[in-house]
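Q: structure_36.pdb is the file, holding PDB, C-alpha atoms:
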```pdb
ATOM      1  CA  MET A  44       5.179 -24.743  29.202
ATOM      2  CA  ALA A  45       3.266 -24.411  25.954
ATOM      3  CA  ALA A  46       0.856 -21.869  27.443
ATOM      4  CA  GLU A  47       3.702 -19.747  28.782
ATOM      5  CA  TYR A  48       5.521 -19.885  25.444
ATOM      6  CA  SER A  49       2.336 -18.832  23.645
ATOM      7  CA  ARG A  50       1.794 -15.933  26.056
ATOM      8  CA  GLU A  51       5.376 -14.692  25.653
ATOM      9  CA  LEU A  52       5.156 -14.948  21.875
ATOM     10  CA  SER A  53       1.889 -13.011  21.891
ATOM     11  CA  VAL A  54       3.518 -10.190  23.877
ATOM     12  CA  LYS A  55       6.437 -10.038  21.422
ATOM     13  CA  VAL A  56       4.176  -9.999  18.341
ATOM     14  CA  PHE A  57       1.927  -7.307  19.817
ATOM     15  CA  SER A  58       4.958  -5.187  20.725
ATOM     16  CA  SER A  59       6.347  -5.512  17.190
ATOM     17  CA  GLN A  60       3.022  -4.556  15.630
ATOM     18  CA  CYS A  61       2.772  -1.486  17.880
ATOM     19  CA  ARG A  62       6.283  -0.439  16.854
ATOM     20  CA  LEU A  63       5.446  -0.737  13.142
ATOM     21  CA  ILE A  64       2.262   1.286  13.631
ATOM     22  CA  GLU A  65       4.227   4.003  15.430
ATOM     23  CA  LEU A  66       6.571   4.142  12.430
ATOM     24  CA  GLY A  67       3.576   4.690  10.132
ATOM     25  CA  PHE A  68       3.317   1.257   8.568
ATOM     26  CA  ARG A  69      -0.072  -0.210   7.790
ATOM     27  CA  GLN A  70      -1.209  -3.306   9.683
ATOM     28  CA  GLY A  71      -3.866  -5.736   8.526
ATOM     29  CA  GLY A  72      -4.976  -7.186   5.229
ATOM     30  CA  ALA A  73      -4.507  -5.997   1.699
ATOM     31  CA  PRO A  74      -5.390  -2.357   0.999
ATOM     32  CA  GLY A  75      -8.761  -1.723  -0.601
ATOM     33  CA  TYR A  76      -9.581  -0.649  -4.134
ATOM     34  CA  GLY A  77      -7.873   2.641  -4.971
ATOM     35  CA  LEU A  78      -4.978   2.103  -2.559
ATOM     36  CA  ARG A  79      -1.574   0.475  -2.902
ATOM     37  CA  SER A  80       1.046  -0.528  -0.365
ATOM     38  CA  GLN A  81       4.508   0.723  -1.047
ATOM     39  CA  LEU A  82       7.464  -1.362   0.034
ATOM     40  CA  ILE A  83       9.764   0.470   2.398
ATOM     41  CA  ALA A  84      13.411  -0.478   2.437
ATOM     42  CA  ILE A  85      15.490  -0.501   5.585
ATOM     43  CA  ARG A  86      16.278   3.089   6.610
ATOM     44  CA  ARG A  87      12.750   4.083   5.474
ATOM     45  CA  ARG A  88      13.556   4.854   1.858
ATOM     46  CA  LYS A  89      10.692   4.197  -0.530
ATOM     47  CA  ALA A  90      11.567   1.125  -2.542
ATOM     48  CA  ALA A  91       8.775   0.136  -4.925
ATOM     49  CA  TRP A  92       5.037   0.058  -5.618
ATOM     50  CA  PRO A  93       4.114  -3.635  -5.835
ATOM     51  CA  ARG A  94       1.114  -4.599  -7.923
ATOM     52  CA  ARG A  95      -0.474  -6.897  -5.367
ATOM     53  CA  ALA A  96      -0.455  -7.448  -1.642
ATOM     54  CA  GLU A  97       1.284 -10.805  -2.105
ATOM     55  CA  GLU A  98       4.375  -8.923  -3.241
ATOM     56  CA  LEU A  99       4.663  -7.278   0.193
ATOM     57  CA  ALA A 100       5.904 -10.459   1.831
ATOM     58  CA  ASP A 101       9.497  -9.203   1.941
ATOM     59  CA  GLY A 102       8.938  -6.082   4.007
ATOM     60  CA  PRO A 103       6.566  -3.641   5.655
ATOM     61  CA  GLY A 104       4.184  -1.570   3.562
ATOM     62  CA  HIS A 105       3.095   2.038   3.675
ATOM     63  CA  PRO A 106      -0.304   3.030   2.209
ATOM     64  CA  GLY A 107      -0.525   5.265  -0.813
ATOM     65  CA  PRO A 108      -2.846   6.076  -3.711
ATOM     66  CA  GLY A 109      -3.577   3.621  -6.494
ATOM     67  CA  SER A 110      -3.766   4.433 -10.190
ATOM     68  CA  GLN A 111      -5.499   7.598 -11.386
ATOM     69  CA  ASN A 112      -8.295   5.478 -12.876
ATOM     70  CA  GLU A 113      -8.923   3.713  -9.544
ATOM     71  CA  ILE A 114      -8.992   7.050  -7.716
ATOM     72  CA  GLU A 115     -11.569   8.435 -10.182
ATOM     73  CA  VAL A 116     -13.757   5.327  -9.858
ATOM     74  CA  GLY A 117     -13.508   5.569  -6.061
ATOM     75  CA  GLN A 118     -14.609   9.200  -6.150
ATOM     76  CA  LYS A 119     -17.600   8.301  -8.344
ATOM     77  CA  ILE A 120     -18.608   5.522  -5.961
ATOM     78  CA  TYR A 121     -18.319   7.839  -2.975
ATOM     79  CA  THR A 122     -20.428  10.527  -4.673
ATOM     80  CA  ARG A 123     -23.089   8.021  -5.726
ATOM     81  CA  PHE A 124     -23.319   6.619  -2.223
ATOM     82  CA  VAL A 125     -23.192   9.838  -0.208
ATOM     83  CA  SER A 126     -24.732  12.501  -2.452
ATOM     84  CA  ASP A 127     -26.961  10.458  -4.758
ATOM     85  CA  LYS A 128     -28.069   8.077  -1.957
ATOM     86  CA  GLN A 129     -27.649   4.995  -4.147
ATOM     87  CA  THR A 130     -27.412   1.573  -2.532
ATOM     88  CA  GLU A 131     -24.329  -0.619  -2.679
ATOM     89  CA  ARG A 132     -26.166  -3.016  -4.978
ATOM     90  CA  GLU A 133     -27.132  -0.228  -7.415
ATOM     91  CA  ILE A 134     -23.569   1.053  -7.556
ATOM     92  CA  ALA A 135     -22.152  -2.442  -8.126
ATOM     93  CA  GLU A 136     -24.650  -3.062 -10.955
ATOM     94  CA  GLN A 137     -23.727   0.259 -12.608
ATOM     95  CA  LEU A 138     -20.002  -0.462 -12.413
ATOM     96  CA  ASN A 139     -20.423  -3.972 -13.809
ATOM     97  CA  GLY A 140     -22.718  -2.641 -16.558
ATOM     98  CA  ALA A 141     -20.066  -0.101 -17.549
ATOM     99  CA  GLY A 142     -17.421  -2.843 -17.691
ATOM    100  CA  ILE A 143     -15.418  -1.401 -14.786
ATOM    101  CA  LEU A 144     -13.742  -4.223 -12.901
ATOM    102  CA  GLY A 145     -13.108  -4.202  -9.177
ATOM    103  CA  GLU A 146     -10.151  -5.295  -7.155
ATOM    104  CA  HIS A 147      -8.065  -8.101  -8.723
ATOM    105  CA  GLY A 148      -9.948  -7.652 -12.021
ATOM    106  CA  ARG A 149     -13.174  -9.201 -10.734
ATOM    107  CA  PRO A 150     -16.748  -7.951 -11.137
ATOM    108  CA  TRP A 151     -18.084  -5.778  -8.335
ATOM    109  CA  THR A 152     -20.276  -7.250  -5.646
ATOM    110  CA  ARG A 153     -22.528  -5.375  -3.275
ATOM    111  CA  THR A 154     -20.248  -5.316  -0.234
ATOM    112  CA  PRO A 155     -16.768  -4.442  -1.550
ATOM    113  CA  SER A 156     -18.110  -1.696  -3.811
ATOM    114  CA  ILE A 157     -18.391   0.694  -0.889
ATOM    115  CA  ARG A 158     -16.694  -0.723   2.169
ATOM    116  CA  CYS A 159     -13.239  -1.208   0.655
ATOM    117  CA  LEU A 160     -12.858   2.446  -0.303
ATOM    118  CA  PRO A 161     -11.255   5.171   1.773
ATOM    119  CA  THR A 162     -13.211   8.374   2.191
ATOM    120  CA  PRO A 163     -11.842  11.312   0.186
TER     121      PRO A 163
END
```
Would you mind writing the file's structure down as structure tokens?
A:
Amino acid sequence: MAAEYSRELSVKVFSSQCRLIELGFRQGGAPGYGLRSQLIAIRRRKAAWPRRAEELADGPGHPGPGSQNEIEVGQKIYTRFVSDKQTEREIAEQLNGAGILGEHGRPWTRTPSIRCLPTP
């Protein structure tokens, strides 16, 4: 009984996730640095730009750009990585040295400095 219940629940959850993706909603964890999730009210009207992913608990989110400062920092990181051929560690050290904080106001580490950013 428990296995059948679990299988049926899995089918329902997967179906719901597919439906949300088809409607253009983002699935997965919190958006990376330079992105925000916008709450979407019923009937697909844009409702609000929450500050953190935790605020999305009441409804589905739709990805959008972060602050202008975050976008500029993201573009610098992308350029340093792609054009200047700098390593993730070098970029993180430069950002920390300049006093630029990463996601959630924390210092940059090697991994999130590059991998959390969308490509321009």
Q: Just give me the gap between atom CA of A:Arg79 and atom CA of A:Gln60 in Å, one decimal is fine.
A: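 Pair atom CA of A:Arg79 / atom CA of A:Gln60 returns 19.7 Å.
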Q: Padding of 6 Å on every side, edges along x, y and z, all listed atoms of stretch 49-64 of chain A included: what centre and edge lengths in Å, to one decimal, does that box have, as AutoDock Vina command-line options?
A:
```
--center_x 4.1 --center_y -8.8 --center_z 19.6 --size_x 16.6 --size_y 32.1 --size_z 24.9
```
Q: Could you work out how far atom CA of A:Ile114 lies from atom CA of A:Phe68, giving the answer in Å with one decimal?
A: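 It comes out at 21.2 Å.
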Q: Convert the output of the PyMOL selection byres ((chain A and resi 109) around 6) on the shown file into explicit residues, formatted as an NGL selection string.
A: :A and (77-79 or 108 or 110)
Q: Between atom CA of A:Trp151 and atom CA of A:Gly75, what is the distance in Å, rounded to a tenth?
A: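 Atom CA of A:Trp151 sits 12.8 Å away from atom CA of A:Gly75.
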